[in-house]
$ cat my_file_12.cif   # mmCIF, C-alpha atoms
data_query
#
loop_
_atom_site.label_atom_id
_atom_site.label_comp_id
_atom_site.auth_asym_id
_atom_site.auth_seq_id
_atom_site.Cartn_x
_atom_site.Cartn_y
_atom_site.Cartn_z
CA LEU A 16 25.38 46.26 5.64
CA LYS A 17 25.37 46.58 1.82
CA GLY A 18 22.51 44.11 1.30
CA TYR A 19 24.70 41.06 0.84
CA PRO A 20 23.36 37.85 2.41
CA LEU A 21 25.53 36.76 5.33
CA THR A 22 25.55 33.51 7.30
CA CYS A 23 27.65 33.45 10.48
CA VAL A 24 28.69 30.13 11.99
CA MET A 25 29.75 30.31 15.63
CA PRO A 26 29.89 28.06 18.70
CA GLU A 27 26.57 27.77 20.54
CA ASN A 28 28.17 29.29 23.66
CA ALA A 29 28.80 32.60 21.86
CA THR A 30 27.67 35.58 23.93
CA PRO A 31 24.01 36.56 23.45
CA GLU A 32 25.12 40.14 22.80
CA ARG A 33 27.25 39.08 19.83
CA VAL A 34 24.49 36.93 18.37
CA ARG A 35 21.90 39.67 18.84
CA LEU A 36 24.14 42.31 17.22
CA LEU A 37 24.80 40.16 14.15
CA ARG A 38 21.10 39.42 13.77
CA LEU A 39 20.35 43.14 13.97
CA TYR A 40 22.65 43.56 10.97
CA GLY A 41 20.56 40.94 9.14
CA ALA A 42 22.90 37.96 9.45
CA GLU A 43 21.64 34.38 9.61
CA ILE A 44 23.18 32.64 12.63
CA VAL A 45 24.18 28.97 12.55
CA LEU A 46 25.40 27.47 15.83
CA SER A 47 27.99 24.72 16.09
CA PRO A 48 28.66 22.48 19.13
CA ALA A 49 30.25 24.47 21.93
CA ALA A 50 32.67 21.66 22.79
CA GLU A 51 34.32 21.97 19.37
CA GLY A 52 35.07 25.66 19.80
CA SER A 53 35.87 27.94 16.88
CA ASN A 54 37.50 25.10 14.92
CA GLY A 55 34.18 23.28 14.92
CA ALA A 56 32.47 26.39 13.59
CA VAL A 57 35.05 26.62 10.81
CA ARG A 58 34.55 22.99 9.85
CA LEU A 59 30.79 23.46 9.75
CA ALA A 60 31.20 26.59 7.62
CA LEU A 61 33.36 24.60 5.21
CA GLY A 62 30.70 21.95 4.84
CA GLY A 63 31.22 19.70 7.82
CA ARG A 64 34.76 18.56 7.01
CA PRO A 65 36.14 15.91 9.42
CA THR A 66 38.57 16.91 12.14
CA LEU A 67 42.31 16.53 11.65
CA ALA A 68 42.33 13.70 14.17
CA ALA A 69 39.80 11.80 12.04
CA ASP A 70 41.90 12.51 8.96
CA GLY A 71 44.57 10.39 10.58
CA ALA A 72 47.65 10.32 8.40
CA ALA A 73 46.71 13.45 6.49
CA GLY A 74 50.16 14.68 7.47
CA GLN A 75 51.65 18.07 8.13
CA ALA A 76 50.52 19.45 4.77
CA GLY A 77 46.88 18.93 5.74
CA HIS A 78 47.46 20.57 9.10
CA SER A 79 49.05 23.59 7.44
CA THR A 80 46.13 23.98 5.02
CA GLU A 81 43.57 23.81 7.83
CA ALA A 82 45.45 26.40 9.88
CA THR A 83 45.70 28.71 6.88
CA MET A 84 41.98 28.45 6.15
CA ILE A 85 41.09 29.21 9.76
CA THR A 86 43.31 32.29 9.74
CA THR A 87 41.79 33.52 6.49
CA LEU A 88 38.25 33.12 7.78
CA HIS A 89 38.90 34.86 11.07
CA ARG A 90 41.07 37.80 10.00
CA PRO A 91 39.02 40.99 9.64
CA ASP A 92 39.28 43.62 6.92
CA PHE A 93 40.80 46.77 8.39
CA GLU A 94 38.98 49.96 7.39
CA ALA A 95 40.52 53.35 6.78
CA PRO A 96 39.88 55.76 9.68
CA SER A 97 36.47 57.39 9.44
CA THR A 98 35.30 60.83 10.46
CA THR A 99 32.18 59.08 11.77
CA LEU A 100 32.53 57.64 15.25
CA PRO A 101 31.49 54.04 15.91
CA ARG A 102 28.27 53.56 17.82
CA PRO A 103 28.78 52.95 21.54
CA GLY A 104 29.29 49.25 22.12
CA THR A 105 30.39 48.58 18.53
CA VAL A 106 33.91 47.30 17.92
CA ARG A 107 35.57 47.84 14.55
CA PHE A 108 38.97 47.21 12.96
CA VAL A 109 40.82 50.21 11.54
CA ASP A 110 44.21 50.72 9.85
CA VAL A 111 45.51 54.06 11.16
CA PRO A 112 48.03 55.86 8.91
CA GLU A 113 51.10 57.61 10.28
CA ARG A 114 50.61 61.05 11.78
CA ARG A 115 52.99 63.80 12.85
CA CYS A 116 52.27 64.80 16.45
CA LEU A 117 53.34 66.95 19.36
CA MET A 118 54.23 64.54 22.16
CA ILE A 119 55.22 64.58 25.81
CA ALA A 120 55.87 61.55 28.04
CA GLY A 121 55.81 60.92 31.75
CA VAL A 122 55.08 58.48 34.56
CA GLY A 123 52.58 58.61 37.40
CA ASN A 124 49.05 59.34 38.48
CA PRO A 125 47.00 61.33 35.92
CA GLU A 126 45.52 63.23 38.85
CA GLY A 127 49.01 64.43 39.79
CA PRO A 128 50.52 67.85 39.07
CA GLY A 129 53.05 66.51 36.55
CA PHE A 130 50.34 65.10 34.29
CA GLN A 131 48.26 68.26 34.48
CA ALA A 132 51.30 70.43 33.75
CA ALA A 133 52.09 68.24 30.73
CA ILE A 134 48.57 68.81 29.35
CA GLY A 135 48.98 72.55 29.89
CA ALA A 136 52.31 72.59 28.07
CA LEU A 137 50.95 70.60 25.14
CA TYR A 138 47.90 72.82 24.69
CA SER A 139 49.88 76.05 25.04
CA VAL A 140 52.10 74.99 22.12
CA ALA A 141 49.20 73.63 20.04
CA TYR A 142 47.17 76.85 20.34
CA GLY A 143 50.26 79.00 19.84
CA LEU A 144 50.89 77.07 16.63
CA LYS A 145 47.28 77.58 15.51
CA PHE A 146 47.56 81.36 15.92
CA GLY A 147 51.01 81.42 14.33
CA LEU A 148 49.70 79.62 11.26
CA LYS A 149 46.77 82.01 11.09
CA HIS A 150 49.21 84.93 10.85
CA ARG A 151 50.61 83.46 7.64
CA GLY A 152 47.14 82.80 6.23
CA VAL A 153 46.74 79.13 7.15
CA ASP A 154 43.49 78.11 8.83
CA SER A 155 43.96 75.11 11.13
CA ARG A 156 42.40 73.46 14.14
CA VAL A 157 43.77 72.06 17.36
CA GLY A 158 43.36 68.30 17.39
CA CYS A 159 42.00 66.20 20.23
CA LEU A 160 44.17 65.36 23.20
CA GLU A 161 45.27 61.72 23.04
CA GLY A 162 47.03 59.42 25.48
CA LEU A 163 49.08 56.24 25.14
CA TRP A 164 49.08 54.19 28.34
CA THR A 165 51.30 51.37 29.58
CA ARG A 166 52.59 50.12 32.92
CA THR A 167 56.09 50.72 34.20
CA GLY A 168 56.40 47.08 35.35
CA GLY A 169 55.79 43.92 33.34
CA SER A 170 54.62 43.87 29.73
CA SER A 171 54.07 47.27 28.17
CA HIS A 172 51.41 45.81 25.86
CA VAL A 173 48.90 44.72 28.52
CA PRO A 174 45.66 46.77 28.18
CA LEU A 175 44.56 48.52 31.34
CA THR A 176 41.61 46.22 32.03
CA GLU A 177 42.33 46.58 35.73
CA ALA A 178 42.97 49.95 37.29
CA GLY A 179 45.98 48.91 39.37
CA ASP A 180 48.19 51.51 41.02
CA PRO A 181 48.05 54.80 39.04
CA SER A 182 51.59 55.61 40.17
CA ASP A 183 52.74 52.67 37.98
CA TRP A 184 51.23 54.12 34.80
CA ALA A 185 53.48 55.41 32.05
CA TRP A 186 51.85 57.80 29.60
CA THR A 187 52.54 59.71 26.41
CA LEU A 188 50.23 62.60 25.58
CA LEU A 189 49.91 63.79 21.99
CA ILE A 190 48.09 66.20 19.71
CA GLU A 191 48.16 65.73 15.94
CA LEU A 192 49.92 68.53 14.06
CA PRO A 193 48.40 70.40 11.09
CA GLU A 194 49.95 69.34 7.79
CA ALA A 195 51.02 72.93 7.11
CA ALA A 196 53.06 73.21 10.33
CA ARG A 197 56.78 73.64 9.64
CA GLU A 198 59.59 72.99 12.10
CA SER A 199 60.13 76.74 12.36
CA ASP A 200 56.44 77.26 13.19
CA ILE A 201 56.63 74.69 15.99
CA ARG A 202 59.83 76.14 17.48
CA ALA A 203 58.26 79.60 17.43
CA ALA A 204 55.13 78.30 19.19
CA ILE A 205 57.27 76.71 21.94
CA ASP A 206 59.21 79.95 22.40
CA VAL A 207 55.99 81.97 22.68
CA ALA A 208 54.59 79.49 25.22
CA ARG A 209 57.74 79.87 27.38
CA GLN A 210 57.46 83.64 27.31
CA ARG A 211 53.77 83.74 28.18
CA LYS A 212 53.70 81.14 30.93
CA PRO A 213 56.89 79.34 31.96
CA ASN A 214 56.29 75.61 32.41
CA PRO A 215 59.12 73.09 33.00
CA GLN A 216 57.16 70.51 31.00
CA LEU A 217 57.73 72.52 27.83
CA ASP A 218 61.27 71.12 27.78
CA GLY A 219 59.80 67.62 27.30
CA ILE A 220 57.73 68.41 24.21
CA ARG A 221 58.93 66.74 21.02
CA VAL A 222 57.69 66.26 17.48
CA ASP A 223 57.48 62.68 16.29
CA THR A 224 55.84 60.54 13.63
CA PHE A 225 53.31 58.17 15.16
CA LEU A 226 52.59 55.05 13.09
CA GLU A 227 49.88 53.02 14.79
CA GLY A 228 48.73 50.73 11.97
CA PRO A 229 46.03 48.06 12.51
CA VAL A 230 43.92 48.58 15.63
CA VAL A 231 40.70 47.40 17.20
CA GLU A 232 38.62 50.47 18.06
CA ALA A 233 35.55 51.26 20.14
CA LEU A 234 33.78 54.34 21.49
CA HIS A 235 33.45 54.38 25.29
CA VAL A 236 30.74 56.60 26.75
CA GLY A 237 30.98 57.11 30.50
CA PRO A 238 33.57 57.67 33.21
CA TYR A 239 37.18 56.69 32.59
CA ALA A 240 36.99 54.24 35.49
CA ALA A 241 34.40 52.20 33.56
CA GLU A 242 36.65 51.72 30.51
CA PRO A 243 37.82 48.19 31.45
CA GLU A 244 34.52 46.62 30.34
CA THR A 245 34.81 48.25 26.90
CA ILE A 246 38.45 47.18 26.68
CA ARG A 247 37.48 43.58 27.46
CA ARG A 248 35.04 43.58 24.54
CA MET A 249 37.80 44.91 22.31
CA GLN A 250 40.14 42.17 23.48
CA GLU A 251 37.49 39.52 22.80
CA ALA A 252 37.03 40.85 19.26
CA ALA A 253 40.78 40.72 18.69
CA GLU A 254 41.04 37.19 20.07
CA ASP A 255 38.13 36.04 17.91
CA ALA A 256 40.07 37.37 14.91
CA GLU A 257 43.18 35.52 16.11
CA LEU A 258 45.00 38.79 16.74
CA ARG A 259 47.02 39.88 19.75
CA VAL A 260 47.69 43.27 21.29
CA VAL A 261 51.08 44.60 20.16
CA GLY A 262 51.15 48.19 21.39
CA PRO A 263 50.04 50.57 24.13
CA HIS A 264 46.45 51.25 25.10
CA HIS A 265 45.35 54.40 23.23
CA GLU A 266 42.71 56.91 24.31
CA ILE A 267 41.41 59.85 22.25
CA TYR A 268 39.54 62.31 24.46
CA LEU A 269 36.44 63.69 22.73
CA GLY A 270 35.03 65.42 25.82
CA ASP A 271 36.31 67.75 28.51
CA PRO A 272 36.00 66.22 32.01
CA ASN A 273 35.85 69.77 33.41
CA ARG A 274 32.74 70.55 31.38
CA SER A 275 30.93 67.22 30.93
CA SER A 276 29.45 64.96 33.56
CA PRO A 277 31.34 61.65 33.87
CA ASP A 278 28.48 59.59 32.43
CA ARG A 279 28.52 61.68 29.22
CA LEU A 280 32.26 61.65 28.54
CA ARG A 281 33.19 60.16 25.17
CA THR A 282 36.55 58.47 24.66
CA LEU A 283 37.67 56.67 21.51
CA LEU A 284 39.70 53.62 22.56
CA ARG A 285 42.23 51.80 20.39
CA LEU A 286 44.35 48.68 20.87
CA PRO A 287 47.08 48.07 18.24
CA VAL A 288 46.91 44.45 17.06
CA GLY A 289 48.90 42.11 14.87
#
$ encode --input "my_file_12.cif" --output "structure tokens"
Amino acid sequence: LKGYPLTCVMPENATPERVRLLRLYGAEIVLSPAAEGSNGAVRLALGGRPTLAADGAAGQAGHSTEATMITTLHRPDFEAPSTTLPRPGTVRFVDVPERRCLMIAGVGNPEGPGFQAAIGALYSVAYGLKFGLKHRGVDSRVGCLEGLWTRTGGSSHVPLTEAGDPSDWAWTLLIELPEAARESDIRAAIDVARQRKPNPQLDGIRVDTFLEGPVVEALHVGPYAAEPETIRRMQEAAEDAELRVVGPHHEIYLGDPNRSSPDRLRTLLRLPVG
């Protein structure tokens, strides 16, 4: 991207999309035998070193060195979050700093009344806070609605690559708070929201610090139901980097489904990895 020459060594059964994308960026592609997998690609990149089996009595020290070199070659550099969105279909690695957020949690179908009431409660406080800050001379904006998604049964760190039963979904909705927001400002915004439009979900709103850390990130354009294909590409990128998913599936909603057609909805997807 910066004009540096780049040669990528990968197994010959790598997906055509991955090869094509790297070539578009100007990389030279060298293919290694598919049967040797990624280890074969690493050996070729290191100058065709023999396999550990051929090394024979190289011992545990040799094995440790090989494993360390593979990890170093595969691990990506995590970028700081950017105000520029990734291009659709592009996967990138980002290190997300901690953020202070309004949060509310629940379980069940996102089409259900509880989920919709939770969104209403969150927005009523967020906009009340915006206007409250404006009264004391602070200009702020309401952040995007975000959602953390897991399943109520089994591992909570399994990305939602299959729709499953929506009644089994556990969710946490959040909106990032302005830096200038004080605890007193937030309490006042909740009180105003209760007075204007009583909503039982207001009792579930909390303020918490959300530290996400390293993630694999991609922009999904299209209906929410089509997200699994994008998530699979994100998982493949993480696996290629020898990383595993360690946190809930994260969605940042950049479009309003009530105003945009499903095929034009934009959602920034994140999977925490480690």
$ residues_around --input "my_file_12.cif" --residues "Lys145 of chain A" --least-positions-apart "3" --cutoff "9 Å" --atoms "all atoms listed in the file" --output "JSON list (two decimals) with C-alpha atoms, in the coordinates of the input"
[["chain", "number", "residue", "atom", "x", "y", "z"],
["A", 140, "VAL", "CA", 52.10, 74.99, 22.12],
["A", 141, "ALA", "CA", 49.20, 73.63, 20.04],
["A", 142, "TYR", "CA", 47.17, 76.85, 20.34],
["A", 148, "LEU", "CA", 49.70, 79.62, 11.26],
["A", 149, "LYS", "CA", 46.77, 82.01, 11.09],
["A", 150, "HIS", "CA", 49.21, 84.93, 10.85],
["A", 153, "VAL", "CA", 46.74, 79.13, 7.15],
["A", 154, "ASP", "CA", 43.49, 78.11, 8.83],
["A", 155, "SER", "CA", 43.96, 75.11, 11.13],
["A", 156, "ARG", "CA", 42.40, 73.46, 14.14],
["A", 157, "VAL", "CA", 43.77, 72.06, 17.36],
["A", 193, "PRO", "CA", 48.40, 70.40, 11.09],
["A", 196, "ALA", "CA", 53.06, 73.21, 10.33],
["A", 204, "ALA", "CA", 55.13, 78.30, 19.19]]
$ residues_around --input "my_file_12.cif" --residues "Glu266 of chain A" --least-positions-apart "6" --cutoff "7 Å" --atoms "all atoms listed in the file" --output "list in words"
Glu161, Gly162, Leu163, Thr282, Leu283, Leu284 and Arg285 of chain A
$ write_last_selection --input "my_file_12.cif" --atoms "C-alpha atoms" --output "mmCIF file, keeping the file's coordinate frame"
data_model
loop_
_atom_site.group_PDB
_atom_site.id
_atom_site.type_symbol
_atom_site.label_atom_id
_atom_site.label_comp_id
_atom_site.auth_asym_id
_atom_site.auth_seq_id
_atom_site.Cartn_x
_atom_site.Cartn_y
_atom_site.Cartn_z
ATOM 1 C CA GLU A 161 45.270 61.720 23.040
ATOM 2 C CA GLY A 162 47.030 59.420 25.480
ATOM 3 C CA LEU A 163 49.080 56.240 25.140
ATOM 4 C CA THR A 282 36.550 58.470 24.660
ATOM 5 C CA LEU A 283 37.670 56.670 21.510
ATOM 6 C CA LEU A 284 39.700 53.620 22.560
ATOM 7 C CA ARG A 285 42.230 51.800 20.390
#
$ atom_distance --input "my_file_12.cif" --atom1 "atom CA of Gly123 of chain A" --atom2 "atom CA of Ala185 of chain A"
6.3 Å
$ closest_residue --input "my_file_12.cif" --among "A:Thr105, A:Ala195, A:Arg211, A:Thr165" --to "Gly152 of chain A" --atoms "all atoms listed in the file"
A:Ala195
$ closest_residue --input "my_file_12.cif" --among "A:Asp223, A:Cys23, A:Glu232, A:Ser276" --to "Arg35 of chain A" --atoms "all atoms listed in the file"
A:Cys23
